[in-house]
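Okay, model39.txt now, which holds compact mmCIF, C-alpha atoms:
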```
# COMPACT_ATOMS: atom_id res chain seq x y z
CA MET I 1 23.49 32.84 -154.72
CA PRO I 2 26.09 33.18 -151.91
CA THR I 3 26.52 36.68 -150.53
CA VAL I 4 29.91 38.34 -150.00
CA PRO I 5 30.58 38.25 -146.24
CA VAL I 6 31.87 41.33 -144.42
CA GLU I 7 35.34 39.81 -143.87
CA MET I 8 35.77 39.54 -147.65
CA ILE I 9 35.35 43.27 -148.21
CA ASP I 10 38.91 44.39 -147.31
CA PRO I 11 40.56 41.80 -149.62
CA LEU I 12 38.03 42.60 -152.35
CA VAL I 13 38.69 46.33 -152.12
CA ALA I 14 42.46 45.74 -152.08
CA HIS I 15 42.57 43.35 -155.03
CA GLY I 16 39.50 44.23 -157.05
CA ALA I 17 38.21 41.96 -159.76
CA PRO I 18 40.77 42.00 -162.56
CA ALA I 19 39.38 41.58 -166.07
CA ARG I 20 42.80 41.10 -167.70
CA MET I 21 43.40 37.48 -168.71
CA ASN I 22 46.77 35.83 -168.68
CA VAL I 23 46.22 34.02 -171.98
CA ASP I 24 47.21 34.74 -175.54
CA ALA I 25 44.87 35.92 -178.26
CA PRO I 26 45.56 36.87 -181.87
CA THR I 27 46.83 40.38 -182.61
CA ARG I 28 44.91 41.50 -185.69
CA PHE I 29 45.92 45.16 -185.54
CA LYS I 30 49.18 46.96 -184.94
CA VAL I 31 49.53 50.41 -183.40
CA GLY I 32 48.93 52.91 -186.20
CA ALA I 33 46.43 50.71 -188.07
CA VAL I 34 43.37 52.51 -189.45
CA ILE I 35 40.26 50.51 -188.53
CA HIS I 36 36.47 50.79 -188.41
CA ALA I 37 34.25 50.05 -185.46
CA ARG I 38 31.65 47.57 -186.68
CA ASN I 39 28.14 48.85 -187.25
CA ILE I 40 26.25 46.28 -185.21
CA ASN I 41 23.18 46.50 -183.05
CA PRO I 42 23.18 43.44 -180.82
CA LEU I 43 20.27 42.78 -178.48
CA HIS I 44 22.66 41.42 -175.84
CA HIS I 45 24.94 43.39 -173.51
CA THR I 46 27.81 45.15 -175.25
CA ARG I 47 30.36 47.88 -174.39
CA LEU I 48 30.52 49.27 -177.92
CA PRO I 49 28.75 52.64 -177.66
CA ARG I 50 26.43 53.59 -180.51
CA TYR I 51 28.29 56.81 -181.30
CA ILE I 52 31.39 54.79 -182.21
CA ARG I 53 29.68 52.22 -184.46
CA GLY I 54 30.67 52.45 -188.11
CA ARG I 55 33.28 55.13 -187.46
CA GLN I 56 36.92 55.14 -188.56
CA GLY I 57 39.72 55.39 -186.03
CA THR I 58 43.41 54.71 -185.47
CA VAL I 59 44.81 52.10 -183.09
CA VAL I 60 47.02 53.81 -180.50
CA ARG I 61 47.68 51.02 -178.01
CA ASP I 62 47.45 47.25 -177.68
CA CYS I 63 46.03 46.85 -174.16
CA GLY I 64 46.39 43.09 -173.89
CA VAL I 65 43.77 40.37 -173.47
CA PHE I 66 40.58 40.94 -171.48
CA ILE I 67 37.32 39.28 -170.53
CA LEU I 68 34.66 39.99 -173.17
CA PRO I 69 31.67 41.71 -171.55
CA ASP I 70 29.27 40.65 -174.31
CA THR I 71 29.45 37.02 -173.19
CA HIS I 72 30.56 37.41 -169.59
CA ALA I 73 27.55 39.56 -168.65
CA HIS I 74 25.24 36.73 -169.71
CA GLY I 75 27.12 33.97 -167.89
CA LEU I 76 28.46 32.67 -171.20
CA GLY I 77 32.12 32.62 -170.19
CA PRO I 78 35.02 35.10 -170.27
CA CYS I 79 35.77 34.57 -173.98
CA PRO I 80 39.20 36.32 -173.79
CA GLU I 81 39.87 38.78 -176.60
CA ARG I 82 42.48 41.39 -177.37
CA LEU I 83 41.54 44.95 -176.44
CA TYR I 84 42.77 47.95 -178.43
CA CYS I 85 42.74 51.62 -177.55
CA VAL I 86 41.55 53.58 -180.59
CA ARG I 87 41.56 57.30 -181.35
CA PHE I 88 38.53 58.73 -183.16
CA GLU I 89 38.75 62.28 -184.49
CA SER I 90 35.91 64.58 -183.43
CA ARG I 91 35.11 65.38 -187.08
CA GLU I 92 34.67 61.69 -187.82
CA LEU I 93 32.25 61.27 -184.91
CA TRP I 94 30.31 64.53 -184.95
CA GLY I 95 30.53 65.95 -188.45
CA ASP I 96 31.86 69.00 -190.19
CA ASP I 97 31.18 71.58 -187.51
CA ALA I 98 33.11 69.67 -184.83
CA ASP I 99 36.44 70.95 -183.57
CA THR I 100 39.22 69.72 -185.85
CA ARG I 101 41.73 69.25 -183.04
CA ASN I 102 39.78 67.13 -180.56
CA ALA I 103 39.46 63.37 -180.36
CA VAL I 104 37.82 60.60 -178.34
CA TYR I 105 39.89 57.65 -177.12
CA ILE I 106 38.02 54.43 -176.43
CA THR I 107 38.84 50.73 -176.18
CA LEU I 108 37.50 48.15 -178.59
CA TRP I 109 37.53 44.39 -178.22
CA ASP I 110 38.72 42.50 -181.28
CA ARG I 111 35.22 41.53 -182.37
CA TYR I 112 34.06 45.16 -182.41
CA ILE I 113 36.55 45.95 -185.19
CA ASP I 114 36.53 45.70 -188.99
CA ASP I 115 39.64 46.53 -190.92
CA MET Q 1 19.18 72.61 -146.70
CA GLY Q 2 19.22 72.52 -142.87
CA ALA Q 3 15.87 72.13 -141.09
CA HIS Q 4 13.95 72.42 -144.34
CA HIS Q 5 15.93 69.50 -145.75
CA HIS Q 6 14.80 67.22 -142.93
CA HIS Q 7 11.13 68.00 -143.47
CA ALA Q 8 11.19 67.68 -147.24
CA PRO Q 9 9.99 64.35 -148.62
CA PRO Q 10 12.80 62.04 -149.74
CA SER Q 11 13.75 62.32 -153.41
CA ASP Q 12 12.75 59.71 -155.97
CA VAL Q 13 16.33 58.44 -156.17
CA ARG Q 14 16.52 58.06 -152.42
CA ILE Q 15 13.26 56.11 -152.35
CA ARG Q 16 14.36 53.89 -155.21
CA VAL Q 17 17.73 53.16 -153.57
CA ARG Q 18 16.01 52.28 -150.30
CA ALA Q 19 13.56 49.99 -152.08
CA ILE Q 20 16.36 48.19 -153.96
CA GLU Q 21 18.43 47.89 -150.78
CA SER Q 22 15.56 46.37 -148.78
CA LEU Q 23 14.76 43.94 -151.60
CA LEU Q 24 18.40 42.81 -151.85
CA LEU Q 25 18.54 42.26 -148.08
CA GLU Q 26 15.14 40.54 -147.96
CA LYS Q 27 16.09 38.13 -150.71
CA GLY Q 28 19.42 37.42 -149.03
CA LEU Q 29 21.46 38.66 -152.02
CA VAL Q 30 23.61 41.03 -149.98
CA ASP Q 31 24.90 41.03 -146.45
CA SER Q 32 24.06 44.32 -144.72
CA ALA Q 33 27.33 44.38 -142.71
CA ALA Q 34 29.31 43.87 -145.93
CA MET Q 35 27.40 46.65 -147.66
CA ASP Q 36 27.99 49.06 -144.74
CA LYS Q 37 31.68 48.18 -144.81
CA ILE Q 38 32.01 49.04 -148.52
CA VAL Q 39 30.23 52.37 -148.05
CA GLU Q 40 32.36 53.19 -145.01
CA THR Q 41 35.60 52.29 -146.80
CA PHE Q 42 34.93 54.51 -149.79
CA GLU Q 43 33.39 57.37 -147.80
CA LYS Q 44 36.03 57.54 -145.06
CA ASP Q 45 39.28 55.83 -146.04
CA ILE Q 46 39.64 56.25 -149.80
CA GLY Q 47 39.54 59.55 -151.64
CA PRO Q 48 41.22 61.88 -154.12
CA ARG Q 49 44.09 62.67 -151.71
CA ARG Q 50 45.57 59.40 -152.96
CA GLY Q 51 45.61 60.60 -156.56
CA ALA Q 52 47.02 63.96 -155.44
CA GLU Q 53 49.87 62.19 -153.67
CA VAL Q 54 50.69 60.27 -156.86
CA VAL Q 55 50.58 63.41 -159.04
CA ALA Q 56 52.73 65.44 -156.61
CA HIS Q 57 55.33 62.67 -156.65
CA ALA Q 58 55.30 62.59 -160.46
CA TRP Q 59 55.84 66.37 -160.52
CA THR Q 60 58.97 66.09 -158.42
CA ASP Q 61 60.50 62.81 -159.58
CA PRO Q 62 61.09 62.53 -163.36
CA GLU Q 63 61.87 58.80 -163.12
CA TYR Q 64 58.59 58.17 -161.31
CA ARG Q 65 56.72 60.27 -163.85
CA LYS Q 66 58.13 58.10 -166.62
CA ARG Q 67 57.07 54.91 -164.84
CA LEU Q 68 53.62 56.36 -164.16
CA LEU Q 69 53.00 57.16 -167.82
CA GLU Q 70 54.39 53.82 -169.01
CA ASN Q 71 52.55 51.59 -166.54
CA GLY Q 72 50.02 53.45 -164.41
CA THR Q 73 48.85 50.39 -162.51
CA ALA Q 74 52.34 49.43 -161.34
CA ALA Q 75 53.48 52.99 -160.56
CA ILE Q 76 50.33 53.81 -158.55
CA GLY Q 77 50.77 50.40 -156.92
CA GLU Q 78 54.12 51.63 -155.53
CA PHE Q 79 52.01 53.68 -153.09
CA GLY Q 80 49.98 50.59 -152.20
CA TYR Q 81 46.98 51.97 -154.06
CA THR Q 82 45.64 48.95 -155.88
CA GLY Q 83 42.28 47.28 -156.08
CA LEU Q 84 38.63 47.78 -156.80
CA GLN Q 85 37.92 49.97 -159.82
CA ALA Q 86 41.64 50.66 -160.32
CA GLU Q 87 42.70 47.17 -161.41
CA GLU Q 88 44.09 48.66 -164.64
CA MET Q 89 45.20 52.29 -164.54
CA ILE Q 90 46.23 54.43 -167.48
CA VAL Q 91 47.64 57.87 -166.66
CA VAL Q 92 47.39 60.49 -169.39
CA GLU Q 93 49.57 63.56 -169.37
CA ASP Q 94 48.49 67.16 -169.94
CA THR Q 95 50.94 69.30 -171.90
CA PRO Q 96 50.84 72.87 -173.23
CA LYS Q 97 49.34 71.38 -176.41
CA VAL Q 98 47.05 68.62 -175.09
CA HIS Q 99 44.37 68.59 -172.38
CA ASN Q 100 42.77 65.31 -171.28
CA MET Q 101 39.28 64.63 -169.88
CA VAL Q 102 37.79 61.39 -168.56
CA VAL Q 103 34.22 60.13 -168.90
CA CYS Q 104 32.22 56.92 -168.96
CA THR Q 105 29.52 57.43 -171.59
CA LEU Q 106 27.92 54.01 -170.97
CA CYS Q 107 27.64 54.13 -167.17
CA SER Q 108 29.85 55.68 -164.47
CA CYS Q 109 33.21 53.83 -164.47
CA TYR Q 110 35.71 55.76 -162.34
CA PRO Q 111 39.03 54.95 -160.59
CA TRP Q 112 37.58 54.58 -157.06
CA THR Q 113 40.76 53.33 -155.44
CA VAL Q 114 42.73 56.40 -156.56
CA LEU Q 115 40.08 59.16 -156.60
CA GLY Q 116 37.36 57.86 -154.25
CA LEU Q 117 33.71 57.79 -155.27
CA PRO Q 118 32.70 59.72 -158.40
CA PRO Q 119 31.04 63.14 -158.07
CA VAL Q 120 27.32 63.26 -158.92
CA TRP Q 121 27.88 65.26 -162.11
CA TYR Q 122 30.30 62.60 -163.40
CA LYS Q 123 27.44 60.08 -163.33
CA SER Q 124 24.88 62.47 -164.85
CA ALA Q 125 23.57 62.08 -168.40
CA PRO Q 126 24.38 65.69 -169.41
CA TYR Q 127 28.11 65.35 -168.60
CA ARG Q 128 28.37 61.87 -170.11
CA SER Q 129 26.64 62.78 -173.35
CA ARG Q 130 28.07 66.26 -173.86
CA VAL Q 131 31.73 65.95 -172.97
CA VAL Q 132 32.48 63.73 -175.95
CA ILE Q 133 30.74 66.13 -178.37
CA ASP Q 134 31.71 69.50 -176.91
CA PRO Q 135 34.54 69.12 -174.41
CA ARG Q 136 35.55 72.78 -174.71
CA GLY Q 137 32.02 73.95 -173.91
CA VAL Q 138 31.76 71.59 -170.91
CA LEU Q 139 35.14 72.83 -169.66
CA LYS Q 140 33.91 76.42 -169.84
CA GLU Q 141 30.99 75.50 -167.60
CA PHE Q 142 33.55 74.22 -165.10
CA GLY Q 143 35.24 77.62 -165.32
CA VAL Q 144 38.18 76.50 -167.45
CA THR Q 145 39.00 78.24 -170.71
CA LEU Q 146 41.84 76.75 -172.71
CA PRO Q 147 43.56 78.34 -175.69
CA GLU Q 148 41.75 77.55 -178.95
CA SER Q 149 44.89 75.78 -180.14
CA THR Q 150 44.79 73.20 -177.32
CA GLU Q 151 43.79 69.71 -178.43
CA ILE Q 152 41.30 68.06 -176.08
CA ARG Q 153 41.37 64.28 -175.74
CA VAL Q 154 38.35 62.67 -174.13
CA TRP Q 155 38.90 59.19 -172.69
CA ASP Q 156 35.71 57.10 -172.66
CA SER Q 157 36.06 54.42 -169.92
CA ASN Q 158 34.08 51.72 -171.71
CA SER Q 159 36.23 48.77 -170.59
CA GLU Q 160 37.94 47.79 -167.34
CA LEU Q 161 40.72 50.34 -167.90
CA ARG Q 162 40.50 53.35 -165.60
CA TYR Q 163 42.02 56.71 -166.46
CA MET Q 164 43.59 59.45 -164.38
CA VAL Q 165 44.87 62.76 -165.72
CA LEU Q 166 48.35 63.95 -164.79
CA PRO Q 167 47.78 67.72 -164.86
CA MET Q 168 50.51 70.26 -165.54
CA ARG Q 169 52.41 71.59 -162.57
CA PRO Q 170 51.43 75.24 -162.04
CA GLU Q 171 54.08 77.91 -162.49
CA GLY Q 172 55.59 79.45 -159.41
CA THR Q 173 55.66 76.17 -157.49
CA GLU Q 174 59.41 75.55 -157.70
CA GLY Q 175 60.78 74.60 -154.33
CA LEU Q 176 57.42 73.48 -152.89
CA SER Q 177 57.48 70.17 -151.02
CA GLU Q 178 55.47 67.20 -152.29
CA GLU Q 179 53.03 67.75 -149.43
CA ALA Q 180 52.53 71.40 -150.41
CA LEU Q 181 52.16 70.44 -154.07
CA ALA Q 182 49.53 67.81 -153.21
CA GLU Q 183 47.40 70.60 -151.69
CA LEU Q 184 47.17 72.19 -155.15
CA ILE Q 185 45.87 69.07 -156.84
CA THR Q 186 42.08 68.93 -156.98
CA ARG Q 187 39.94 65.92 -157.76
CA ASP Q 188 38.62 67.66 -160.89
CA SER Q 189 42.15 68.31 -162.17
CA MET Q 190 42.67 64.53 -162.21
CA ILE Q 191 39.38 63.98 -164.09
CA GLY Q 192 40.24 66.81 -166.48
CA THR Q 193 37.32 69.13 -165.68
CA GLY Q 194 39.56 71.44 -163.67
CA LEU Q 195 43.13 72.63 -163.32
CA PRO Q 196 45.36 72.47 -160.24
CA LYS Q 197 45.12 75.44 -157.90
CA THR Q 198 47.90 78.01 -157.77
CA PRO Q 199 49.74 78.63 -154.48
CA ALA Q 200 47.92 82.00 -154.26
CA GLU Q 201 44.52 80.27 -154.55
CA VAL Q 202 45.43 77.87 -151.75
CA ALA Q 203 46.58 80.73 -149.53
CA ALA Q 204 43.37 82.71 -150.16
```
Full structure transcribed into structure tokens:
Amino acid sequence: MPTVPVEMIDPLVAHGAPARMNVDAPTRFKVGAVIHARNINPLHHTRLPRYIRGRQGTVVRDCGVFILPDTHAHGLGPCPERLYCVRFESRELWGDDADTRNAVYITLWDRYIDD
Amino acid sequence: MGAHHHHAPPSDVRIRVRAIESLLLEKGLVDSAAMDKIVETFEKDIGPRRGAEVVAHAWTDPEYRKRLLENGTAAIGEFGYTGLQAEEMIVVEDTPKVHNMVVCTLCSCYPWTVLGLPPVWYKSAPYRSRVVIDPRGVLKEFGVTLPESTEIRVWDSNSELRYMVLPMRPEGTEGLSEEALAELITRDSMIGTGLPKTPAEVAA
């Protein structure tokens, strides 16, 4: 595996490693849609935290199309998918004694979502 | 700390980091000059003063504030602050009704290019696991008590989007220059675990 040489560091720091992909992907959900995070337990890498799985939330933003970590982390390609920002109420995540006002915002790739 | 610190055995984390570093070098997976350069860049050149500069500008320029909230990446990019771990920036605005906090429950994602390297507590399991469940309680431990009616939104950085909080401008700061305002803006106020200082606190 080639190493990153010292002269590459300044450009790398300045430009980063963008994960947004300039391709189209289907839009399954509109802002305002009520969705569920899928209850899945894959053995491979994923960025769907357990505390979100199976929970109901509301789409608040269409973030565009991004590299999918589930495949990319295993060298299986970028597999571009649409990413949505979703609001989950604290009560939905933590039960009846949670604060009624608070919420968690998290992003979900298309395949993490059931309608 | 002090003399005692130098005689104490290195911590487990320190030993582990050294072991991993020497293995990476030995196997030729990293270049030591490149690694030193990254550490130097983020320890010396890049830090939360960048974020403070952005926030102070947003406090004084309503048009900029609008751009910042609509497209954080582009608006922060106007200052030339683009790059590693800030490729995609979303700026979330505190209001009298809503307070925002940022976390990465899965690892330690953080907007390096705008806020520098993350504080140790940000990467710790207690902060990461508790802030999503009990943000108000975590805030109290940071010395911040919000009205019970304030809604707290916790942003979990699970993808390549990075978040920065635009805190509320403290009262009694009318007429302060952007430079003076930037002095009030703490790192924690841009993560959401603190509030900006008041002019009196800065003077003290």
request  = Do a neighbour search on stretch 87-100 of chain I at 7 Å with only C-alpha atoms, toss out local chain neighbours closer than 3 positions, and write the hits as a ChimeraX atom specification.
outcome  = /I:51,55-60,103-106 /Q:133
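For the pair atom CA of Q:Met190 and atom CA of Q:Val165, the interatomic distance is 4.5 Å.
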query = Which neighbours of I:Asp10 fall inside 9 Å, counting all atoms listed in the file, when residues of the same chain fewer than 5 positions from it are skipped, and could you give them as a ChimeraX atom specification?
reply = /I:15 /Q:37-38,41
ask   = Taking only C-alpha atoms into account, what are the residues of chain Q at most 10 Å from chain I, put as a PyMOL selection string?
value = chain Q and resi 27-38+41-42+80-88+98-102+104-107+112-113+131-136+148-161
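Taking all atoms listed in the file, the non-local environment of Q:Arg50 within 9 Å (same-chain residues fewer than 5 positions away omitted) comprises Val55, Phe79, Tyr81, Thr113, Val114, Leu115 and Gly116 of chain Q.
The residue that comes closest to Q:Gly51, out of Q:Cys109, Q:Leu176, Q:Ala200, Q:Leu68 and on the basis of only C-alpha atoms, is Q:Leu68.
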Specify the axis-aligned box that encloses all atoms of stretch 64-69 of chain Q listed in the file after padding of 4 Å on each side, stating its centre and edge lengths in Å to one decimal as AutoDock Vina command-line options.
```
--center_x 55.8 --center_y 57.6 --center_z -164.6 --size_x 13.6 --size_y 13.4 --size_z 14.5
```
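Residue neighbourhood of Q:Leu166, excluding near-sequence residues (fewer than 2 positions): Val55, Val91, Val92, Glu93, Asp94, Met164, Met168 and Met190 of chain Q, at 7 Å, using only C-alpha atoms.
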request  = May I have the residues within 10 Å of I:Thr27 as a list in words, using all atoms listed in the file and disregarding those fewer than 5 positions away in the same chain?
outcome  = Asp62, Gly64, Val65, Glu81, Arg82, Leu83, Tyr84 and Asp110 of chain I
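As for atom CA of Q:Pro10 and atom CA of Q:Trp121, they are spaced 19.8 Å apart.
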